[in-house]
Amino acid sequence: MSSSEVGLERRAAQRFDFQLPLSVRIINGEGEGSGLTQDLSARGAFFYTDFVLELGANVEVTLVMPSEITLSENMRVRCRGKVLRVTPPAIGNKIGVAVHLENYEYLPETHVVSTTSGDYGRISALHEHAVQDEAPATNSPTSGSRRFAVP
């Protein structure tokens, strides 16, 4: 088989087809939007949103990461990453956005949104806008936020 017959898979982590609500904002920018994932992995996400994002933008995405990815339980996480691709709307006004996740932090359990509930309320409430970098890391992901770099 020639290389033209075989597509080269560039993804470093397995993708999962999950339609999860998320909140997205531009780091050091104005505005915030919501979206819905198409697929998700530990290193990246593709989602649809009506929030305008540009290629190369540094963004913060907050969502409840499912147990299939965390390998333990559903956990609310804040991910920071870079927009790799923006696709124009095919139907309606939602653009497709591919983001490479560079790091993430687990957020306290007290604010976890149930992924089985149809009523998510205001998605941006998932973001905690206060910087928690000074907080010491703990051994429990539910006792406070912990920051991790994606390998």
# chains A, B, ... in the order shown; residues from 1 in each chain; ligands from 1
$ residues_around --residues "A:Ile91" --least-positions-apart "5" --cutoff "12 Å" --atoms "only C-alpha atoms" --output "CSV table (one decimal) with N, CA and C atoms, in the first residue's frame"
chain,number,residue,atom,x,y,z
A,48,TYR,N,-18.7,22.8,18.6
A,48,TYR,CA,-19.4,23.7,17.9
A,48,TYR,C,-19.9,24.8,18.8
A,50,ASP,N,-21.2,29.4,18.7
A,50,ASP,CA,-21.5,30.6,17.9
A,50,ASP,C,-20.6,31.7,18.4
A,96,GLY,N,-17.3,25.3,13.8
A,96,GLY,CA,-16.5,24.2,14.4
A,96,GLY,C,-15.2,24.6,14.8
$ residues_around --residues "A:Arg25" --least-positions-apart "2" --cutoff "9 Å" --atoms "only C-alpha atoms" --output "CSV table (one decimal) with C-alpha atoms, in the first residue's frame"
chain,number,residue,atom,x,y,z
A,23,SER,CA,-18.0,27.1,28.3
A,27,ILE,CA,-7.6,34.1,27.7
A,28,ASN,CA,-6.9,37.8,28.4
A,29,GLY,CA,-9.8,38.7,26.1
A,30,GLU,CA,-13.3,39.8,26.3
A,31,GLY,CA,-16.4,37.7,26.1
A,32,GLU,CA,-17.4,34.2,26.8
A,33,GLY,CA,-19.5,31.7,24.9
A,34,SER,CA,-20.9,28.2,25.2
A,51,PHE,CA,-18.8,32.4,19.9
A,53,LEU,CA,-12.8,32.4,17.8
A,58,ASN,CA,-5.4,31.0,23.5
A,59,VAL,CA,-8.6,29.8,25.1
A,60,GLU,CA,-9.9,28.4,28.3
A,61,VAL,CA,-12.6,25.6,28.1
A,62,THR,CA,-14.5,24.4,31.1
A,124,SER,CA,-20.4,30.1,31.8
$ closest_residue --among "A:Met75, A:Val86, A:Ile95, A:Leu36" --to "A:Gly56" --atoms "only C-alpha atoms"
A:Val86
$ residues_around --residues "A:Arg15" --least-positions-apart "5" --cutoff "7 Å" --atoms "only C-alpha atoms" --output "PDB file with N, CA and C atoms, in the first residue's frame"
ATOM      1  N   ASP A  39     -16.270  15.702  19.689  1.00  0.00           N
ATOM      2  CA  ASP A  39     -15.403  14.662  20.218  1.00  0.00           C
ATOM      3  C   ASP A  39     -14.384  15.290  21.144  1.00  0.00           C
ATOM      4  N   LEU A  40     -13.763  14.429  21.949  1.00  0.00           N
ATOM      5  CA  LEU A  40     -12.933  14.903  23.045  1.00  0.00           C
ATOM      6  C   LEU A  40     -11.874  13.863  23.358  1.00  0.00           C
ATOM      7  N   SER A  41     -10.685  14.331  23.718  1.00  0.00           N
ATOM      8  CA  SER A  41      -9.635  13.446  24.204  1.00  0.00           C
ATOM      9  C   SER A  41      -8.893  14.177  25.312  1.00  0.00           C
TER      10      SER A  41
END
$ atom_distance --atom1 "atom CA of A:Lys82" --atom2 "atom CA of A:Leu55"
8.1 Å
$ atom_distance --atom1 "atom CA of A:Gly44" --atom2 "atom CA of A:Pro89"
20.2 Å
$ atom_distance --atom1 "atom CA of A:Tyr104" --atom2 "atom CA of A:Arg85"
19.8 Å
